[in-house]
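Here's the structure we're looking at; comments come further down.
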There are 8 protein chains.
Amino acid sequence: MAAVGIIMGSTSDLPIMKEAALILDHFGVEYELEVVSAHRTPERMVEYAKNASERGIQVIIAGAGGAAHLPGMTASLTPLPVIGVPIKSSNSIDGWDSILSILQMPNGIPVATVALNAAKNAGILAARIIGASQADVQKKMLAYAEEMKQDVLSKAKNLSID
Amino acid sequence: MAAVGIIMGSTSDLPIMKEAALILDHFGVEYELEVVSAHRTPERMVEYAKNASERGIQVIIAGAGGAAHLPGMTASLTPLPVIGVPIKSSNSIDGWDSILSILQMPNGIPVATVALNAAKNAGILAARIIGASQADVQKKMLAYAEEMKQDVLSKAKNLSID
Amino acid sequence: MAAVGIIMGSTSDLPIMKEAALILDHFGVEYELEVVSAHRTPERMVEYAKNASERGIQVIIAGAGGAAHLPGMTASLTPLPVIGVPIKSSNSIDGWDSILSILQMPNGIPVATVALNAAKNAGILAARIIGASQADVQKKMLAYAEEMKQDVLSKAKNLSID
Amino acid sequence: MAAVGIIMGSTSDLPIMKEAALILDHFGVEYELEVVSAHRTPERMVEYAKNASERGIQVIIAGAGGAAHLPGMTASLTPLPVIGVPIKSSNSIDGWDSILSILQMPNGIPVATVALNAAKNAGILAARIIGASQADVQKKMLAYAEEMKQDVLSKAKNLSID
Amino acid sequence: MAAVGIIMGSTSDLPIMKEAALILDHFGVEYELEVVSAHRTPERMVEYAKNASERGIQVIIAGAGGAAHLPGMTASLTPLPVIGVPIKSSNSIDGWDSILSILQMPNGIPVATVALNAAKNAGILAARIIGASQADVQKKMLAYAEEMKQDVLSKAKNLSID
Amino acid sequence: MAAVGIIMGSTSDLPIMKEAALILDHFGVEYELEVVSAHRTPERMVEYAKNASERGIQVIIAGAGGAAHLPGMTASLTPLPVIGVPIKSSNSIDGWDSILSILQMPNGIPVATVALNAAKNAGILAARIIGASQADVQKKMLAYAEEMKQDVLSKAKNLSID
Amino acid sequence: MAAVGIIMGSTSDLPIMKEAALILDHFGVEYELEVVSAHRTPERMVEYAKNASERGIQVIIAGAGGAAHLPGMTASLTPLPVIGVPIKSSNSIDGWDSILSILQMPNGIPVATVALNAAKNAGILAARIIGASQADVQKKMLAYAEEMKQDVLSKAKNLSID
Amino acid sequence: MAAVGIIMGSTSDLPIMKEAALILDHFGVEYELEVVSAHRTPERMVEYAKNASERGIQVIIAGAGGAAHLPGMTASLTPLPVIGVPIKSSNSIDGWDSILSILQMPNGIPVATVALNAAKNAGILAARIIGASQADVQKKMLAYAEEMKQDVLSKAKNLSID
């Protein structure tokens, strides 16, 4: 049963959003991956968000570009934590539009916003949230941090500039 | 019967949004004025937007601040033209957040965005839209332009700098 | 007889602005397509804007880049609704210049601004405006929304990340 | 035992950050509230972040202004989810500095960023995270959403513009 | 006979624009001061700009806020140099809108843009332009620079910090 | 004898700055073209700016990128009108740095700023300034405007979208 | 003999720039405090910068607002390290103009830029530079860091939200 | 023994950061070049920064992109002057994120920020700092400035536009 619901406004967002899925695989967290468009399928979005908790979803990751309403609207329809991934789409204004549309939510309905195009970090954040109550996932997070550290240490010194 | 539906995310937007109502009074266009919150009453928003056309509404004006999803979400649920008013709220980032959240809609679902806090212009735009098929309203628009012109001309020359 | 006048500052804007024409074809709304430069043919612009209503035009779509004065100046010379399309031209500053030049109109003369380069959305907005008083066009708008929805639904689930 | 650790760079951030504490009280989630400065007490920050999980903390909320390093550095030292609150301090550049310093974390170390000064939303997000594994907290979140909805509905219609 | 035409979009711009007049008095350059609104009196603007050169005007200073079209439109209707003064008006977005609307003119029609609200500098620039062909004005410009220098030198050293 | 001095911070600016020279050729205005670096040859800059007027120069065009000090520093050393051309160089931040460094001069020392990379417009502005006192140059400016107009008119109607 | 030269474009910058002086007093580093205007006294600036090293100055701190050329021009005329303080002056565009004018120096002539209005930090940076070769100053810097730490620790825990 | 420590967040920063090393070679200043990641090796960062002064390092150059915490955190752990190089990385928002994360440090802990990607200037600034107490390095700085000047002068005049 999926613990994380990964949704995106369009299949064109898949190349970025699949990074969330890949890293959740790494942490052994199950997920589902669907297209839910706030603007083209608003009623599907309402249904998805309202039922997610009952279906066992614990965290929702929502990615969208431009005037990105999917993460915030989803957050308004679920008691679950929603992670928003701003996506820099083609006619975006350097990504500012999706960042601000996701980040600047009014009081009462937060979205946990990550960096521009940072679906991988959204996946890691979802795993940290799951890990807050599941010791095995948190343990993997500690191991992941250790790997990153060792990777840096292995090449940290005496860099060559030739 | 109201021809224009004016909606806003919160009563705190009323001091700005009532300017739309006042100018529609000037043009003799009937309107209704309600609070419809995308984030706190998402289902009311869906219902409002889906029924507006059948109730005789011809244009919707939607104002919201911050991550402003009301205009775009409403546009996704109605075939009517939706005018968006970005509002500079207290923790807004100089209004950029509401402007971009309203303006940068994806292909397929346009929002007619006006300037920051420009509810009056939203009302005038609604009247222009009504006037495109109602000669009397268009005639009032011409008169309104003439008044603005005369107002400028009456004080245009020989300005005093004392 | 054209119901929508599509004008642009330069033929170099045609690749973007023709999207408005193509989508109006889809909705069966007649249009005309012309170059009207605010800066190089200011008098032609005055004449075009002042006569549009009498010629039967109901909506004007005006696209321009950089310091984009065509949409706002046109709006000051006609009682019709004017839709502005900000265009990201070569020496534009990420499109901010054309967005702000079109959006931030003073009280009294609104421009219905759409997203950067969003001529397609300008066409849809024009059709929504026409549809506010013509049931057949509004009906096509509902069908168009339904098509978009079905398109999303057909590929929404079980996305592959391989 | 505190489930949420609320930390901030300076006591001058308390008027904003206490909103997180107050809303956690509302949800019956225990918390601790401390000053941990990334730049003035870097070693205290290392110690705090490294030990938080073992002390039973499940979520950390970190607020900071300007070049805001506290949320990101804390996230690099703990496997817990870290929520970052950008604070608009006196010589801040409209808050852009704290937003970008917190939001734009590199791959591997996410921070769940909320809106500018939105400590209240940070508290709600923490409660949602706790609620993902504790049914009683999630139930309170649903009730909270219902209250917000009723509050809007009670004043939504027939607004007066007098 | 006026050598410089100072025009502005509204009498509300007078407190800023009169600085141009005052400094032209200092340089003994004659000017006229009028309200010419691009959006409310577009035909007056056309007339003013087309006739300015024949009436003996050598430089036009045009100030406007928001989507500021007056300087650029005037430049498109006259062979004279046009100086644009971006004005930070009430609902302006920190002045960016008026700066970009004036500065980013397309090839063929330049506007000599000065700093935000810098009507005084616009007056000095007009005097420099007049002075390029009138030795007495240029001489006064040299004296003005000398005065500024002496003013700085008189208080430059041994500043007190008590 | 050169009436216009075109200076730039580096030979790498030549591809852009030569547009000023080419258009001055069109207007029959003589010019000189030199590299004067504010930062690498500050004393040459002082000398160039202080002597320009005596050598018969009537207008200086200065182009520079990044923290662009050449136009403003030149203006502080000459009574002549100085036109600044912001150049978008490689590590520029979208050109904002050069625009603001040139535009936002303090009271007393104006720079006539043109659009990003708009050396051609700088040349036209210089010709307009010369033309303010030389009827033949102004006449050419009117002819130039007429040519631009005819160019637009020749292709303005019945655009093909095939 | 002064080791640090603190210069500013105008006496109006003194309320901010004196913070550099006060903190240098704290570190026992001698300084001089003068007005040197890049635009109003360019030759004084050249002289000041060229002679500073010979007079025993080891670090220059230069503060300026708007199109801030003083730090960069000074750096081009001295082999000393120059610290630039961007000042948010009245008609500044939120300080972006002074930040970018100081920060974005071309290759070859660096300016050590500190935060907006951060003259105090400029003084501390100057003391760190002096301290790099003077053990007593560096020792005071360590003590200063210790004081800041103790100040935080004394009020870090058990914050009251009443 | 190295006088300058050059550190960077990742080996992917090496192509930019090595410019600092190359120019320090030019000035005969010894350096070391290492990867120290604030987020992946926070404890290594603490250790590096705390020991640098004792190991004889006089200046630290730290480069990082995105939410760039390395320069500021290093500065909080050492009494040495720290030069920060903002790096425009792939998902950066035009470099604004790294600039603001490095520049906008709070009172007490300055970072000497240079332009975006300007590692070469960071190296020159380090040499200027060393040169403030070592006459031979300062002499080389004067020679370097002279070379830049001669390079400009050799190609400054009579530029060809063919």
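Residue numbering restarts at 1 in every chain; chains get A, B, ... in the order shown in the structure tokens, and ligands count up from 1 in that same order.
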
Self-check item: 8 Å contact set for Val114 (chain G), only C-alpha atoms, chain neighbours under 5 positions out, as a list in words
Solution: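 Non-adjacent residues within range: Ile83, Gly84, Val85, Pro86, Ala119, Asn121 and Ala122 of chain G; Leu103, Gln104, Met105, Pro110, Val111, Ala112 and Thr113 of chain H.
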
Could you build a table of the residues in chain E lying no more than 8 Å from chain F, giving for each the nearest pair of atoms and their separation in Å rounded to one decimal place, using only C-alpha atoms, ordered by chain and ascending residue number, as JSON lines?
```
{"residue": "E:Gln58", "atom": "CA", "partner": "F:Ala132", "partner_atom": "CA", "distance": 5.2}
{"residue": "E:Val59", "atom": "CA", "partner": "F:Ala132", "partner_atom": "CA", "distance": 7.3}
{"residue": "E:Thr78", "atom": "CA", "partner": "F:Leu142", "partner_atom": "CA", "distance": 7.8}
{"residue": "E:Pro79", "atom": "CA", "partner": "F:Met141", "partner_atom": "CA", "distance": 5.7}
{"residue": "E:Leu80", "atom": "CA", "partner": "F:Arg128", "partner_atom": "CA", "distance": 5.5}
{"residue": "E:Pro81", "atom": "CA", "partner": "F:Arg128", "partner_atom": "CA", "distance": 5.2}
{"residue": "E:Ile83", "atom": "CA", "partner": "F:Ala112", "partner_atom": "CA", "distance": 7.5}
{"residue": "E:Leu103", "atom": "CA", "partner": "F:Ala115", "partner_atom": "CA", "distance": 5.3}
{"residue": "E:Gln104", "atom": "CA", "partner": "F:Ala115", "partner_atom": "CA", "distance": 4.5}
{"residue": "E:Met105", "atom": "CA", "partner": "F:Ala115", "partner_atom": "CA", "distance": 6.3}
{"residue": "E:Pro106", "atom": "CA", "partner": "F:Ala115", "partner_atom": "CA", "distance": 8.0}
{"residue": "E:Asn107", "atom": "CA", "partner": "F:Asn121", "partner_atom": "CA", "distance": 5.8}
{"residue": "E:Gly108", "atom": "CA", "partner": "F:Asn121", "partner_atom": "CA", "distance": 6.0}
{"residue": "E:Ile109", "atom": "CA", "partner": "F:Asn121", "partner_atom": "CA", "distance": 6.6}
{"residue": "E:Pro110", "atom": "CA", "partner": "F:Asn121", "partner_atom": "CA", "distance": 5.1}
{"residue": "E:Val111", "atom": "CA", "partner": "F:Val114", "partner_atom": "CA", "distance": 6.4}
{"residue": "E:Ala112", "atom": "CA", "partner": "F:Ala112", "partner_atom": "CA", "distance": 4.4}
{"residue": "E:Thr113", "atom": "CA", "partner": "F:Thr113", "partner_atom": "CA", "distance": 4.9}
{"residue": "E:Val114", "atom": "CA", "partner": "F:Leu103", "partner_atom": "CA", "distance": 5.8}
{"residue": "E:Ala115", "atom": "CA", "partner": "F:Gln104", "partner_atom": "CA", "distance": 4.5}
{"residue": "E:Leu116", "atom": "CA", "partner": "F:Gln104", "partner_atom": "CA", "distance": 7.1}
{"residue": "E:Ala118", "atom": "CA", "partner": "F:Asn107", "partner_atom": "CA", "distance": 7.0}
{"residue": "E:Lys120", "atom": "CA", "partner": "F:Asn107", "partner_atom": "CA", "distance": 6.7}
{"residue": "E:Asn121", "atom": "CA", "partner": "F:Pro110", "partner_atom": "CA", "distance": 5.1}
{"residue": "E:Ala122", "atom": "CA", "partner": "F:Pro110", "partner_atom": "CA", "distance": 7.0}
{"residue": "E:Ile124", "atom": "CA", "partner": "F:Pro110", "partner_atom": "CA", "distance": 6.9}
{"residue": "E:Leu125", "atom": "CA", "partner": "F:Pro110", "partner_atom": "CA", "distance": 5.9}
{"residue": "E:Arg128", "atom": "CA", "partner": "F:Pro81", "partner_atom": "CA", "distance": 5.2}
{"residue": "E:Ile129", "atom": "CA", "partner": "F:Pro81", "partner_atom": "CA", "distance": 5.7}
{"residue": "E:Gly131", "atom": "CA", "partner": "F:Leu80", "partner_atom": "CA", "distance": 7.4}
{"residue": "E:Ala132", "atom": "CA", "partner": "F:Gln58", "partner_atom": "CA", "distance": 5.3}
{"residue": "E:Ser133", "atom": "CA", "partner": "F:Ser133", "partner_atom": "CA", "distance": 6.5}
{"residue": "E:Gln138", "atom": "CA", "partner": "F:Pro79", "partner_atom": "CA", "distance": 6.2}
{"residue": "E:Met141", "atom": "CA", "partner": "F:Pro79", "partner_atom": "CA", "distance": 5.7}
{"residue": "E:Leu142", "atom": "CA", "partner": "F:Pro79", "partner_atom": "CA", "distance": 5.9}
{"residue": "E:Ala145", "atom": "CA", "partner": "F:Gly108", "partner_atom": "CA", "distance": 7.9}
{"residue": "E:Met148", "atom": "CA", "partner": "F:Gly108", "partner_atom": "CA", "distance": 8.0}
```

Practice problem: Do a neighbour search on Lys149 (chain C) at 6 Å with only C-alpha atoms, toss out local chain neighbours closer than 3 positions, and write the hits as JSON, numbers by chain. | Solution: {"A": [40, 41], "C": [146, 152]}

Exercise. Find the spatial neighbours of Arg55 (chain F), counting only C-alpha atoms, within a cut-off of 10 Å - ignore same-chain residues fewer than 3 positions away - and output them as a PyMOL selection string.
Key: chain F and resi 1-3+48+50-52+58

Quiz item: Do you have the CA of Lys18 (chain G)-CA of Ile161 (chain E) distance handy?
Solution: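 CA of Lys18 (chain G) sits 6.0 Å away from CA of Ile161 (chain E).
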
Quiz prompt | Backbone DSSP call of strand (DSSP E or B) for region 21-141 of chain A, listed as a list in words | solution =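 Of region 21-141 of chain A, the ones in strand (DSSP E or B) are Tyr31, Glu32, Leu33, Glu34, Val35, Val59, Ile60, Ile61, Ala62, Gly63, Ala64, Gly65, Val82, Ile83, Gly84, Val85, Pro86, Ile87, Ala112 and Thr113 of chain A.
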
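Shell of Met45 (chain H) at 8 Å, with only C-alpha atoms counted and residues fewer than 4 places along the chain excluded, is Val36, Ser37, Ala38, Thr41, Ala49, Leu70 and Thr74 of chain H.
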
Quiz item: What is the distance between CA of Ser90 (chain A) and CA of Ile93 (chain D), in Å to one decimal?
Solution: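 Between CA of Ser90 (chain A) and CA of Ile93 (chain D) the gap works out to 27.9 Å.
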
Exercise. Give me, please, the distance in Å between CA of His69 (chain G) and CA of Met8 (chain F), quoted to one decimal.
Key: 16.5 Å

Quiz item: Can you list every residue in region 8-153 of chain G that DSSP puts in helix (DSSP H, G or I), as an NGL selection string?
Solution: :G and (11-27 or 42-52 or 70-75 or 96-103 or 119-131 or 135-153)
